[in-house]
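Peer 1: final25.pdb is the file, holding PDB, C-alpha atoms:
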```pdb
ATOM      1  CA  MET A 216     117.923 118.415 119.021
ATOM      2  CA  ASN A 217     115.866 115.418 117.934
ATOM      3  CA  PRO A 218     116.429 112.082 119.658
ATOM      4  CA  LYS A 219     118.594 109.790 117.566
ATOM      5  CA  THR A 220     118.682 106.356 119.196
ATOM      6  CA  VAL A 221     115.495 104.349 118.754
ATOM      7  CA  SER A 222     113.778 101.289 120.159
ATOM      8  CA  LEU A 223     111.572 100.125 117.308
ATOM      9  CA  VAL A 224     108.365  98.164 117.965
ATOM     10  CA  LEU A 225     106.929  96.465 114.883
ATOM     11  CA  GLY A 226     103.357  95.213 115.016
ATOM     12  CA  SER A 227     101.498  92.317 113.415
ATOM     13  CA  GLY A 228      99.219  92.511 110.395
ATOM     14  CA  GLY A 229     100.271  90.277 107.513
ATOM     15  CA  ALA A 230     101.301  91.949 104.261
ATOM     16  CA  ARG A 231     100.588  95.384 105.728
ATOM     17  CA  GLY A 232     103.795  94.792 107.652
ATOM     18  CA  LEU A 233     105.794  95.524 104.523
ATOM     19  CA  ALA A 234     105.133  99.121 105.560
ATOM     20  CA  HIS A 235     107.683  98.459 108.328
ATOM     21  CA  ILE A 236     110.366  98.535 105.638
ATOM     22  CA  GLY A 237     109.347 102.043 104.602
ATOM     23  CA  VAL A 238     109.367 103.233 108.209
ATOM     24  CA  ILE A 239     112.867 101.816 108.722
ATOM     25  CA  HIS A 240     114.097 103.533 105.564
ATOM     26  CA  TRP A 241     112.681 106.886 106.697
ATOM     27  CA  LEU A 242     114.297 106.603 110.123
ATOM     28  CA  GLU A 243     117.686 105.765 108.607
ATOM     29  CA  GLU A 244     117.440 108.540 106.017
ATOM     30  CA  ASN A 245     116.752 111.075 108.770
ATOM     31  CA  GLY A 246     119.576 110.233 111.133
ATOM     32  CA  TYR A 247     117.869 107.886 113.584
ATOM     33  CA  SER A 248     119.826 104.866 114.778
ATOM     34  CA  ILE A 249     117.792 101.741 115.558
ATOM     35  CA  LYS A 250     119.390 100.047 118.559
ATOM     36  CA  SER A 251     116.633  97.651 119.585
ATOM     37  CA  ILE A 252     113.723  95.866 117.924
ATOM     38  CA  SER A 253     110.695  94.124 119.359
ATOM     39  CA  GLY A 254     108.272  92.552 116.918
ATOM     40  CA  CYS A 255     105.510  90.030 116.524
ATOM     41  CA  SER A 256     104.330  88.169 113.436
ATOM     42  CA  ILE A 257     105.318  90.158 110.315
ATOM     43  CA  GLY A 258     106.993  92.657 112.648
ATOM     44  CA  ALA A 259     109.226  89.896 114.005
ATOM     45  CA  LEU A 260     110.070  88.900 110.433
ATOM     46  CA  ILE A 261     110.918  92.379 109.130
ATOM     47  CA  GLY A 262     112.703  93.292 112.362
ATOM     48  CA  GLY A 263     114.752  90.101 112.324
ATOM     49  CA  VAL A 264     115.777  90.527 108.715
ATOM     50  CA  TYR A 265     116.823  94.116 109.425
ATOM     51  CA  ALA A 266     118.749  93.139 112.561
ATOM     52  CA  ALA A 267     120.592  90.529 110.487
ATOM     53  CA  GLY A 268     121.660  93.235 108.029
ATOM     54  CA  LYS A 269     119.735  91.700 105.114
ATOM     55  CA  LEU A 270     116.836  94.102 104.658
ATOM     56  CA  ASP A 271     117.978  95.216 101.188
ATOM     57  CA  GLU A 272     118.165  91.612  99.958
ATOM     58  CA  PHE A 273     114.776  90.794 101.443
ATOM     59  CA  GLU A 274     113.225  93.928  99.980
ATOM     60  CA  GLU A 275     114.538  93.111  96.516
ATOM     61  CA  TRP A 276     113.026  89.635  96.781
ATOM     62  CA  VAL A 277     109.648  90.712  98.137
ATOM     63  CA  ARG A 278     109.260  93.499  95.572
ATOM     64  CA  GLY A 279     109.473  90.843  92.851
ATOM     65  CA  ILE A 280     106.838  88.517  94.331
ATOM     66  CA  SER A 281     103.736  87.807  92.256
ATOM     67  CA  LYS A 282     100.430  86.272  93.329
ATOM     68  CA  VAL A 283     101.501  82.983  91.791
ATOM     69  CA  ASP A 284     104.808  83.073  93.706
ATOM     70  CA  ILE A 285     102.927  83.444  96.985
ATOM     71  CA  VAL A 286     100.773  80.417  96.309
ATOM     72  CA  THR A 287     103.827  78.294  95.433
ATOM     73  CA  LEU A 288     105.316  79.132  98.856
ATOM     74  CA  LEU A 289     102.307  77.688 100.660
ATOM     75  CA  ASP A 290     103.134  74.093 101.596
ATOM     76  CA  LEU A 291      99.890  72.422 102.533
ATOM     77  CA  SER A 292      99.617  70.742 105.913
ATOM     78  CA  TRP A 293      97.320  67.795 106.518
ATOM     79  CA  GLN A 294      97.118  68.591 110.208
ATOM     80  CA  LYS A 295      93.924  69.922 111.766
ATOM     81  CA  SER A 296      95.861  72.667 113.570
ATOM     82  CA  GLY A 297      96.624  74.715 110.454
ATOM     83  CA  LEU A 298      96.522  74.755 106.656
ATOM     84  CA  ILE A 299     100.164  75.630 105.993
ATOM     85  CA  LYS A 300     103.348  74.091 107.432
ATOM     86  CA  GLY A 301     105.504  77.126 106.669
ATOM     87  CA  ASP A 302     108.664  75.183 105.814
ATOM     88  CA  LYS A 303     108.904  76.554 102.263
ATOM     89  CA  ILE A 304     108.625  80.144 103.407
ATOM     90  CA  ILE A 305     111.157  79.757 106.216
ATOM     91  CA  ASN A 306     113.617  77.868 103.992
ATOM     92  CA  THR A 307     113.355  80.560 101.309
ATOM     93  CA  LEU A 308     113.969  83.313 103.846
ATOM     94  CA  THR A 309     116.872  81.423 105.387
ATOM     95  CA  GLU A 310     118.497  81.252 101.941
ATOM     96  CA  ILE A 311     118.182  85.043 101.661
ATOM     97  CA  VAL A 312     119.244  85.982 105.189
ATOM     98  CA  GLY A 313     121.342  83.061 106.366
ATOM     99  CA  ASP A 314     120.911  80.724 109.323
ATOM    100  CA  VAL A 315     121.841  83.206 112.041
ATOM    101  CA  ARG A 316     121.400  83.249 115.797
ATOM    102  CA  ILE A 317     119.734  86.066 117.685
ATOM    103  CA  GLU A 318     122.606  86.458 120.137
ATOM    104  CA  ASP A 319     124.954  87.147 117.202
ATOM    105  CA  LEU A 320     122.898  90.083 115.890
ATOM    106  CA  GLU A 321     124.338  93.566 116.326
ATOM    107  CA  ILE A 322     120.905  94.952 117.243
ATOM    108  CA  LYS A 323     119.012  93.815 120.348
ATOM    109  CA  TYR A 324     116.088  91.725 119.096
ATOM    110  CA  THR A 325     113.011  90.124 120.617
ATOM    111  CA  ALA A 326     110.328  88.144 118.781
ATOM    112  CA  VAL A 327     107.027  87.784 120.596
ATOM    113  CA  ALA A 328     104.873  84.668 120.227
ATOM    114  CA  SER A 329     101.842  83.370 122.126
ATOM    115  CA  ASP A 330     101.601  80.323 124.356
ATOM    116  CA  ILE A 331      97.867  79.941 123.949
ATOM    117  CA  LEU A 332      97.577  76.978 126.334
ATOM    118  CA  HIS A 333      98.919  79.028 129.251
ATOM    119  CA  GLU A 334      97.552  82.334 127.880
ATOM    120  CA  LYS A 335     100.849  84.181 128.026
ATOM    121  CA  GLU A 336     103.343  85.927 125.777
ATOM    122  CA  VAL A 337     106.661  84.259 125.049
ATOM    123  CA  TRP A 338     109.629  86.533 124.365
ATOM    124  CA  ILE A 339     112.304  84.894 122.241
ATOM    125  CA  ASN A 340     115.668  86.670 122.345
ATOM    126  CA  ASN A 341     118.150  83.853 121.792
ATOM    127  CA  GLY A 342     118.579  80.820 119.574
ATOM    128  CA  ARG A 343     117.990  80.485 115.831
ATOM    129  CA  LEU A 344     116.487  83.646 114.356
ATOM    130  CA  PHE A 345     114.119  81.803 112.062
ATOM    131  CA  ASP A 346     112.849  79.552 114.850
ATOM    132  CA  ALA A 347     111.806  82.732 116.648
ATOM    133  CA  ILE A 348     110.242  84.164 113.497
ATOM    134  CA  ARG A 349     108.406  80.938 112.629
ATOM    135  CA  ALA A 350     106.899  80.843 116.118
ATOM    136  CA  SER A 351     105.843  84.471 115.965
ATOM    137  CA  ILE A 352     104.173  84.289 112.531
ATOM    138  CA  SER A 353     101.997  81.246 113.299
ATOM    139  CA  LEU A 354      98.681  82.839 112.352
ATOM    140  CA  PRO A 355      95.858  80.693 113.806
ATOM    141  CA  LEU A 356      94.076  78.398 111.311
ATOM    142  CA  PHE A 357      96.579  79.389 108.620
ATOM    143  CA  PHE A 358      99.994  78.210 109.872
ATOM    144  CA  THR A 359     100.391  75.178 112.074
ATOM    145  CA  PRO A 360     101.633  76.051 115.598
ATOM    146  CA  PHE A 361     105.395  75.920 116.076
ATOM    147  CA  HIS A 362     106.710  73.552 118.735
ATOM    148  CA  TYR A 363     109.440  75.498 120.499
ATOM    149  CA  ARG A 364     111.276  74.329 123.616
ATOM    150  CA  GLY A 365     108.449  72.030 124.643
ATOM    151  CA  VAL A 366     105.603  74.461 123.970
ATOM    152  CA  ASP A 367     103.287  74.991 120.993
ATOM    153  CA  LEU A 368     103.444  78.659 120.013
ATOM    154  CA  ILE A 369     101.211  80.717 117.751
ATOM    155  CA  ASP A 370     101.160  84.265 116.357
ATOM    156  CA  GLY A 371     102.309  86.891 118.852
ATOM    157  CA  GLY A 372      99.566  89.220 117.637
ATOM    158  CA  VAL A 373      96.930  87.063 119.341
ATOM    159  CA  LEU A 374      97.936  88.479 122.738
ATOM    160  CA  ASN A 375      99.997  91.557 121.903
ATOM    161  CA  PRO A 376      99.865  93.035 118.367
ATOM    162  CA  VAL A 377     102.257  95.911 119.259
ATOM    163  CA  PRO A 378     104.760  94.450 121.774
ATOM    164  CA  ILE A 379     106.270  97.431 123.572
ATOM    165  CA  ALA A 380     107.140  95.780 126.903
ATOM    166  CA  PRO A 381     110.351  94.068 125.666
ATOM    167  CA  VAL A 382     111.961  97.489 125.051
ATOM    168  CA  PHE A 383     111.108  99.037 128.436
ATOM    169  CA  SER A 384     114.630  98.533 129.772
ATOM    170  CA  ASP A 385     116.375  99.892 126.664
ATOM    171  CA  ASP A 386     118.841 102.741 127.019
ATOM    172  CA  THR A 387     117.563 104.627 123.971
ATOM    173  CA  GLU A 388     116.237 108.119 123.513
ATOM    174  CA  MET A 389     112.837 107.237 122.088
ATOM    175  CA  THR A 390     110.451 104.393 121.342
ATOM    176  CA  VAL A 391     108.793 104.259 117.928
ATOM    177  CA  ALA A 392     105.888 101.831 117.500
ATOM    178  CA  VAL A 393     104.262 100.877 114.198
ATOM    179  CA  ASN A 394     100.659  99.758 114.600
ATOM    180  CA  LEU A 395      99.219  97.914 111.595
ATOM    181  CA  GLY A 396      95.730  97.937 113.095
ATOM    182  CA  GLY A 397      94.974 101.607 112.546
ATOM    183  CA  ALA A 398      91.546 103.010 111.711
ATOM    184  CA  MET A 399      90.133 101.813 108.410
ATOM    185  CA  GLU A 400      90.338 104.113 105.417
ATOM    186  CA  ILE A 401      88.002 104.313 102.432
ATOM    187  CA  HIS A 402      89.532 103.029  99.194
ATOM    188  CA  GLU A 403      88.303 103.806  95.715
ATOM    189  CA  LYS A 404      88.615 100.188  94.581
ATOM    190  CA  PRO A 405      87.636  98.017  97.574
ATOM    191  CA  ASN A 406      86.953  94.961  95.415
ATOM    192  CA  GLU A 407      90.639  94.614  94.593
ATOM    193  CA  VAL A 408      91.588  94.034  98.220
ATOM    194  CA  SER A 409      90.398  90.423  98.295
ATOM    195  CA  SER A 410      91.917  89.329  94.987
ATOM    196  CA  LEU A 411      94.728  87.305  96.548
ATOM    197  CA  SER A 412      92.483  85.780  99.182
ATOM    198  CA  LYS A 413      90.318  84.531  96.301
ATOM    199  CA  LYS A 414      93.349  82.914  94.679
ATOM    200  CA  PHE A 415      94.402  81.389  97.997
ATOM    201  CA  ASN A 416      90.948  79.959  98.594
ATOM    202  CA  GLU A 417      90.914  78.462  95.104
ATOM    203  CA  PHE A 418      94.282  76.866  95.917
ATOM    204  CA  VAL A 419      93.026  75.406  99.191
ATOM    205  CA  LYS A 420      89.699  74.358  97.691
ATOM    206  CA  ASN A 421      91.338  72.461  94.850
ATOM    207  CA  ILE A 422      93.729  70.543  97.092
ATOM    208  CA  LYS A 423      91.875  70.110 100.338
ATOM    209  CA  SER A 424      88.204  70.832  99.549
ATOM    210  CA  ALA A 425      88.275  73.666 102.058
ATOM    211  CA  SER A 426      85.359  75.905 102.927
ATOM    212  CA  SER A 427      84.211  78.901 100.944
ATOM    213  CA  LEU A 428      85.914  82.237 100.404
ATOM    214  CA  GLY A 429      83.401  83.877 102.723
ATOM    215  CA  ALA A 430      84.537  81.826 105.702
ATOM    216  CA  TYR A 431      88.189  82.747 105.129
ATOM    217  CA  ASP A 432      87.415  86.451 104.678
ATOM    218  CA  ILE A 433      85.241  86.571 107.787
ATOM    219  CA  ALA A 434      87.884  84.844 109.917
ATOM    220  CA  ASN A 435      90.560  87.162 108.547
ATOM    221  CA  GLN A 436      88.525  90.301 109.222
ATOM    222  CA  ALA A 437      87.609  89.089 112.694
ATOM    223  CA  PHE A 438      91.266  88.508 113.563
ATOM    224  CA  ASP A 439      92.199  91.969 112.256
ATOM    225  CA  ALA A 440      89.424  93.571 114.319
ATOM    226  CA  MET A 441      90.529  91.666 117.421
ATOM    227  CA  GLN A 442      94.162  92.724 116.983
ATOM    228  CA  SER A 443      93.153  96.336 116.399
ATOM    229  CA  SER A 444      91.163  96.404 119.639
ATOM    230  CA  ILE A 445      93.965  94.800 121.651
ATOM    231  CA  ALA A 446      96.531  97.166 120.120
ATOM    232  CA  ARG A 447      94.522 100.215 121.196
ATOM    233  CA  GLN A 448      94.339  98.906 124.753
ATOM    234  CA  LYS A 449      98.051  98.061 124.892
ATOM    235  CA  LEU A 450      99.099 101.436 123.477
ATOM    236  CA  ALA A 451      96.830 103.230 125.941
ATOM    237  CA  ALA A 452      98.329 101.309 128.863
ATOM    238  CA  TYR A 453     101.936 101.477 127.647
ATOM    239  CA  PRO A 454     102.242 104.480 125.302
ATOM    240  CA  ALA A 455     105.230 104.760 123.000
ATOM    241  CA  ASP A 456     106.893 108.110 122.313
ATOM    242  CA  CYS A 457     105.759 107.857 118.691
ATOM    243  CA  VAL A 458     103.040 105.668 117.175
ATOM    244  CA  ILE A 459     102.849 105.382 113.392
ATOM    245  CA  GLU A 460      99.444 104.052 112.301
ATOM    246  CA  ILE A 461      98.801 101.944 109.205
ATOM    247  CA  ALA A 462      95.131 101.420 108.328
ATOM    248  CA  ARG A 463      94.097  97.833 108.906
ATOM    249  CA  ASN A 464      92.448  97.709 105.467
ATOM    250  CA  ALA A 465      95.508  99.097 103.651
ATOM    251  CA  CYS A 466      95.910  95.685 102.022
ATOM    252  CA  GLY A 467      94.905  92.069 102.551
ATOM    253  CA  THR A 468      96.767  89.748 104.904
ATOM    254  CA  LEU A 469      98.273  87.726 102.057
ATOM    255  CA  GLU A 470      98.786  90.460  99.469
ATOM    256  CA  PHE A 471     102.567  90.419  99.550
ATOM    257  CA  ASN A 472     102.510  91.170  95.826
ATOM    258  CA  ARG A 473     101.713  94.779  96.825
ATOM    259  CA  ALA A 474     105.137  95.270  98.400
ATOM    260  CA  GLU A 475     106.053  98.478  96.570
ATOM    261  CA  GLU A 476     102.788 100.123  97.579
ATOM    262  CA  MET A 477     103.088  99.108 101.241
ATOM    263  CA  ILE A 478     106.744 100.106 101.534
ATOM    264  CA  ASP A 479     105.928 103.517 100.099
ATOM    265  CA  LEU A 480     102.992 103.825 102.496
ATOM    266  CA  GLY A 481     105.208 103.137 105.509
ATOM    267  CA  HIS A 482     107.711 105.768 104.367
ATOM    268  CA  GLN A 483     104.888 108.253 103.809
ATOM    269  CA  LYS A 484     103.273 107.645 107.201
ATOM    270  CA  ALA A 485     106.604 108.011 109.003
ATOM    271  CA  GLU A 486     107.279 111.272 107.215
ATOM    272  CA  GLU A 487     103.801 112.584 108.018
ATOM    273  CA  PHE A 488     104.188 111.707 111.689
ATOM    274  CA  PHE A 489     107.588 113.287 112.187
ATOM    275  CA  LEU A 490     107.391 116.251 109.832
ATOM    276  CA  LEU A 491     103.771 117.380 109.719
TER     277      LEU A 491
END
```
Just give me the structure as structure tokens.
Peer 2:
Amino acid sequence: MNPKTVSLVLGSGGARGLAHIGVIHWLEENGYSIKSISGCSIGALIGGVYAAGKLDEFEEWVRGISKVDIVTLLDLSWQKSGLIKGDKIINTLTEIVGDVRIEDLEIKYTAVASDILHEKEVWINNGRLFDAIRASISLPLFFTPFHYRGVDLIDGGVLNPVPIAPVFSDDTEMTVAVNLGGAMEIHEKPNEVSSLSKKFNEFVKNIKSASSLGAYDIANQAFDAMQSSIARQKLAAYPADCVIEIARNACGTLEFNRAEEMIDLGHQKAEEFFLL
């Protein structure tokens, strides 16, 4: 008999994290019950929305997002610590999900952020859900750090892109981890991958006279490569029962307009892992 209760670990990786939705759908469709979630960055966002019981509403919204919609959600910051404040995004998500507290969720939930000053992970498992999410998604150079309980926090993926440790004490039958830093795959149309990053750079350039597209792409690729390397080390040291891999070049960090494609990919990869 297959295990049914699951601790779900959702990794970081920008828009690739929409694949988490497809994985969750596959697990539910096949009789698995998610009892605990640990996530960082986009994994903290998708996991939190699911734990709040609002995944369907979020999915409907994100499937309708266009490239222009994404740019309108980017509220420019004039601080040196990051380009985007993140208030518009968080406020929009709060309208969809509600202003809920982690301790009121029916599913155990932990968001992982990074205290870069003290070089340590911060596990957030109480308080306002979207405070935890905002801290965990604070991608360096892109979002400004989030000041939380006296500490400036940044993206959890900086130190732990696939945060398994928070579920070690769970009383579940299996741990399923989704790694968004999987081996790169060859695509037939590689030039399309950077289309949204071009639009974003045009946006930044027009308003803030930012640096060239090349600098953004290089920084983005470097961060992805770093996370992929750390994820491999973490998974080797603390293996999950099941690890579903999403190629790190499946889509660009900001390409949330490719939601349908990424959700389908997550469903497909879950099915391949469990059934093939």
Peer 1: What gap, in Å, lies between CA of Ala267 (chain A) and CA of Asp314 (chain A)?
Peer 2: 9.9 Å
Peer 1: Convert the output of the PyMOL selection byres ((chain A and resi 237) around 9) on the shown file into explicit residues, formatted as a PDB file with C-alpha atoms, in the coordinates of the input.
Peer 2:
```
ATOM      1  CA  LEU A 233     105.794  95.524 104.523  1.00  0.00           C
ATOM      2  CA  ALA A 234     105.133  99.121 105.560  1.00  0.00           C
ATOM      3  CA  HIS A 235     107.683  98.459 108.328  1.00  0.00           C
ATOM      4  CA  ILE A 236     110.366  98.535 105.638  1.00  0.00           C
ATOM      5  CA  VAL A 238     109.367 103.233 108.209  1.00  0.00           C
ATOM      6  CA  ILE A 239     112.867 101.816 108.722  1.00  0.00           C
ATOM      7  CA  HIS A 240     114.097 103.533 105.564  1.00  0.00           C
ATOM      8  CA  TRP A 241     112.681 106.886 106.697  1.00  0.00           C
ATOM      9  CA  LEU A 242     114.297 106.603 110.123  1.00  0.00           C
ATOM     10  CA  MET A 477     103.088  99.108 101.241  1.00  0.00           C
ATOM     11  CA  ILE A 478     106.744 100.106 101.534  1.00  0.00           C
ATOM     12  CA  ASP A 479     105.928 103.517 100.099  1.00  0.00           C
ATOM     13  CA  LEU A 480     102.992 103.825 102.496  1.00  0.00           C
ATOM     14  CA  GLY A 481     105.208 103.137 105.509  1.00  0.00           C
ATOM     15  CA  HIS A 482     107.711 105.768 104.367  1.00  0.00           C
ATOM     16  CA  GLN A 483     104.888 108.253 103.809  1.00  0.00           C
ATOM     17  CA  LYS A 484     103.273 107.645 107.201  1.00  0.00           C
ATOM     18  CA  ALA A 485     106.604 108.011 109.003  1.00  0.00           C
TER      19      ALA A 485
END
```
Peer 1: Within 10 Å of Arg231 (chain A), counting only C-alpha atoms, which residues qualify if same-chain residues fewer than 2 places away don't, as a PDB file with C-alpha atoms, keeping the file's coordinate frame?
Peer 2:
```pdb
ATOM      1  CA  GLY A 226     103.357  95.213 115.016  1.00  0.00           C
ATOM      2  CA  SER A 227     101.498  92.317 113.415  1.00  0.00           C
ATOM      3  CA  GLY A 228      99.219  92.511 110.395  1.00  0.00           C
ATOM      4  CA  GLY A 229     100.271  90.277 107.513  1.00  0.00           C
ATOM      5  CA  LEU A 233     105.794  95.524 104.523  1.00  0.00           C
ATOM      6  CA  ALA A 234     105.133  99.121 105.560  1.00  0.00           C
ATOM      7  CA  HIS A 235     107.683  98.459 108.328  1.00  0.00           C
ATOM      8  CA  ILE A 257     105.318  90.158 110.315  1.00  0.00           C
ATOM      9  CA  GLY A 258     106.993  92.657 112.648  1.00  0.00           C
ATOM     10  CA  ASN A 394     100.659  99.758 114.600  1.00  0.00           C
ATOM     11  CA  LEU A 395      99.219  97.914 111.595  1.00  0.00           C
ATOM     12  CA  GLY A 396      95.730  97.937 113.095  1.00  0.00           C
ATOM     13  CA  ILE A 461      98.801 101.944 109.205  1.00  0.00           C
ATOM     14  CA  ALA A 462      95.131 101.420 108.328  1.00  0.00           C
ATOM     15  CA  ARG A 463      94.097  97.833 108.906  1.00  0.00           C
ATOM     16  CA  ASN A 464      92.448  97.709 105.467  1.00  0.00           C
ATOM     17  CA  ALA A 465      95.508  99.097 103.651  1.00  0.00           C
ATOM     18  CA  CYS A 466      95.910  95.685 102.022  1.00  0.00           C
ATOM     19  CA  GLY A 467      94.905  92.069 102.551  1.00  0.00           C
ATOM     20  CA  THR A 468      96.767  89.748 104.904  1.00  0.00           C
ATOM     21  CA  LEU A 469      98.273  87.726 102.057  1.00  0.00           C
ATOM     22  CA  GLU A 470      98.786  90.460  99.469  1.00  0.00           C
ATOM     23  CA  PHE A 471     102.567  90.419  99.550  1.00  0.00           C
ATOM     24  CA  ARG A 473     101.713  94.779  96.825  1.00  0.00           C
ATOM     25  CA  ALA A 474     105.137  95.270  98.400  1.00  0.00           C
ATOM     26  CA  GLU A 476     102.788 100.123  97.579  1.00  0.00           C
ATOM     27  CA  MET A 477     103.088  99.108 101.241  1.00  0.00           C
ATOM     28  CA  ILE A 478     106.744 100.106 101.534  1.00  0.00           C
ATOM     29  CA  LEU A 480     102.992 103.825 102.496  1.00  0.00           C
ATOM     30  CA  GLY A 481     105.208 103.137 105.509  1.00  0.00           C
TER      31      GLY A 481
END
```
Peer 1: Pull the closest atom pair for each residue of region 356-402 of chain A that gets at most 7 Å from region 440-454 of chain A, along with the distance in Å to one decimal, counting only C-alpha atoms, ordering rows by chain and then ascending residue number, as a Markdown table.
Peer 2:
```
| residue | atom | partner | partner_atom | distance |
| --- | --- | --- | --- | --- |
| A:Gly372 | CA | A:Gln442 | CA | 6.5 |
| A:Val373 | CA | A:Gln442 | CA | 6.7 |
| A:Asn375 | CA | A:Ala446 | CA | 6.8 |
| A:Pro376 | CA | A:Ala446 | CA | 5.6 |
| A:Val377 | CA | A:Ala446 | CA | 5.9 |
| A:Gly396 | CA | A:Ser443 | CA | 4.5 |
| A:Gly397 | CA | A:Ser443 | CA | 6.8 |
```
Peer 1: So, counting all atoms listed in the file, which residue among A:Glu243, A:Glu388, A:Glu272, A:Asp346 is closest to Pro360 (chain A)?
Peer 2: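 Going through A:Glu243, A:Glu388, A:Glu272, A:Asp346 one by one, the smallest distance to Pro360 (chain A) is for A:Asp346.
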Peer 1: For CA of Trp276 (chain A) and CA of Gln436 (chain A), determine how far apart the two atoms are, in Å to one decimal place.
Peer 2: 27.5 Å
Peer 1: Name the residues that the PyMOL selection byres ((chain A and resi 312) around 9) pulls out of this structure, and write them as a list in words.
Peer 2: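 Checking the PyMOL selection byres ((chain A and resi 312) around 9) against this file, the residues are Val264, Ala267, Gly268, Lys269, Leu270, Glu272, Phe273, Thr307, Leu308, Thr309, Glu310, Ile311, Gly313, Asp314 and Val315 of chain A.
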Peer 1: Could you save those same residues with C-alpha atoms as an mmCIF file, in the frame of the given file?
Peer 2:
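Final file, out-v6.cif:
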```cif
data_model
loop_
_atom_site.group_PDB
_atom_site.id
_atom_site.type_symbol
_atom_site.label_atom_id
_atom_site.label_comp_id
_atom_site.auth_asym_id
_atom_site.auth_seq_id
_atom_site.Cartn_x
_atom_site.Cartn_y
_atom_site.Cartn_z
ATOM 1 C CA VAL A 264 115.777 90.527 108.715
ATOM 2 C CA ALA A 267 120.592 90.529 110.487
ATOM 3 C CA GLY A 268 121.660 93.235 108.029
ATOM 4 C CA LYS A 269 119.735 91.700 105.114
ATOM 5 C CA LEU A 270 116.836 94.102 104.658
ATOM 6 C CA GLU A 272 118.165 91.612 99.958
ATOM 7 C CA PHE A 273 114.776 90.794 101.443
ATOM 8 C CA THR A 307 113.355 80.560 101.309
ATOM 9 C CA LEU A 308 113.969 83.313 103.846
ATOM 10 C CA THR A 309 116.872 81.423 105.387
ATOM 11 C CA GLU A 310 118.497 81.252 101.941
ATOM 12 C CA ILE A 311 118.182 85.043 101.661
ATOM 13 C CA GLY A 313 121.342 83.061 106.366
ATOM 14 C CA ASP A 314 120.911 80.724 109.323
ATOM 15 C CA VAL A 315 121.841 83.206 112.041
#
```
Peer 1: Expand the PyMOL selection byres ((chain A and resi 455-458) around 9) into the explicit residue set it covers here, and present it as a ChimeraX atom specification.
Peer 2: /A:224,379,389-394,450,453-454,459-460,488-489
Peer 1: What does the structure give for the distance between CA of Ala230 (chain A) and CA of Glu318 (chain A), in Å to one decimal?
Peer 2: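 For CA of Ala230 (chain A) relative to CA of Glu318 (chain A), the distance reads 27.1 Å.
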Peer 1: Taking 4 positions as the minimum chain separation for residues in the same chain, which residues sit within 8 Å of Pro378 (chain A) when counting all atoms listed in the file? Answer as a PyMOL selection string.
Peer 2: chain A and resi 224-226+253-255+327
Peer 1: Residues near Glu334 (chain A), anyone? I mean within 9 Å using all atoms listed in the file, not counting same-chain ones fewer than 4 positions away, as a short mmCIF file (atom, residue, chain, number, x, y, z; two decimals) with C-alpha atoms, in the frame of the given file.
Peer 2:
```cif
data_model
loop_
_atom_site.label_atom_id
_atom_site.label_comp_id
_atom_site.auth_asym_id
_atom_site.auth_seq_id
_atom_site.Cartn_x
_atom_site.Cartn_y
_atom_site.Cartn_z
CA SER A 329 101.84 83.37 122.13
CA ASP A 330 101.60 80.32 124.36
CA LEU A 374 97.94 88.48 122.74
#
```
Peer 1: Residues within 12 Å of Asp302 (chain A), please, as a JSON list (two decimals) with C-alpha atoms, in the frame of the given file. Count all atoms listed in the file; anything in the same chain fewer than 2 positions from it doesn't count.
Peer 2:
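This is the output file out.json:
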```json
[["chain", "number", "residue", "atom", "x", "y", "z"],
["A", 287, "THR", "CA", 103.83, 78.29, 95.43],
["A", 288, "LEU", "CA", 105.32, 79.13, 98.86],
["A", 289, "LEU", "CA", 102.31, 77.69, 100.66],
["A", 290, "ASP", "CA", 103.13, 74.09, 101.60],
["A", 291, "LEU", "CA", 99.89, 72.42, 102.53],
["A", 292, "SER", "CA", 99.62, 70.74, 105.91],
["A", 299, "ILE", "CA", 100.16, 75.63, 105.99],
["A", 300, "LYS", "CA", 103.35, 74.09, 107.43],
["A", 304, "ILE", "CA", 108.62, 80.14, 103.41],
["A", 305, "ILE", "CA", 111.16, 79.76, 106.22],
["A", 306, "ASN", "CA", 113.62, 77.87, 103.99],
["A", 307, "THR", "CA", 113.36, 80.56, 101.31],
["A", 308, "LEU", "CA", 113.97, 83.31, 103.85],
["A", 309, "THR", "CA", 116.87, 81.42, 105.39],
["A", 345, "PHE", "CA", 114.12, 81.80, 112.06],
["A", 346, "ASP", "CA", 112.85, 79.55, 114.85],
["A", 348, "ILE", "CA", 110.24, 84.16, 113.50],
["A", 349, "ARG", "CA", 108.41, 80.94, 112.63],
["A", 350, "ALA", "CA", 106.90, 80.84, 116.12],
["A", 353, "SER", "CA", 102.00, 81.25, 113.30],
["A", 358, "PHE", "CA", 99.99, 78.21, 109.87],
["A", 359, "THR", "CA", 100.39, 75.18, 112.07],
["A", 361, "PHE", "CA", 105.40, 75.92, 116.08]]
```
Peer 1: Determine the nearest neighbour of Met399 (chain A) from the options A:Ala326, A:Leu344, A:Asp439, A:Thr387, counting only C-alpha atoms.
Peer 2: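 Looking at the shortest contact to Met399 (chain A), the residue is A:Asp439.
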Peer 1: Looking at all atoms listed in the file, which of A:Thr325, A:Asn472, A:Thr220, A:Asn341 is the one that sits closest to Gly279 (chain A)?
Peer 2: A:Asn472
Peer 1: Looking at A:Lys219, A:Lys323, A:Lys303, A:Arg316, which one is nearest to Ile252 (chain A), with distances taken over only C-alpha atoms?
Peer 2: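 Nearest to Ile252 (chain A): A:Lys323.
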Peer 1: Which of these, A:Gly262, A:Gly301, A:Gly246, A:Gly232, has the shortest distance to Phe357 (chain A) once you count all atoms listed in the file?
Peer 2: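 Checking each of A:Gly262, A:Gly301, A:Gly246, A:Gly232 against Phe357 (chain A), counting all atoms listed in the file, the winner is A:Gly301.
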Peer 1: Which is closer to Ile317 (chain A) than all the others in A:Ile369, A:Ile285, A:Leu260, A:Ala266, using all atoms listed in the file?
Peer 2: A:Ala266
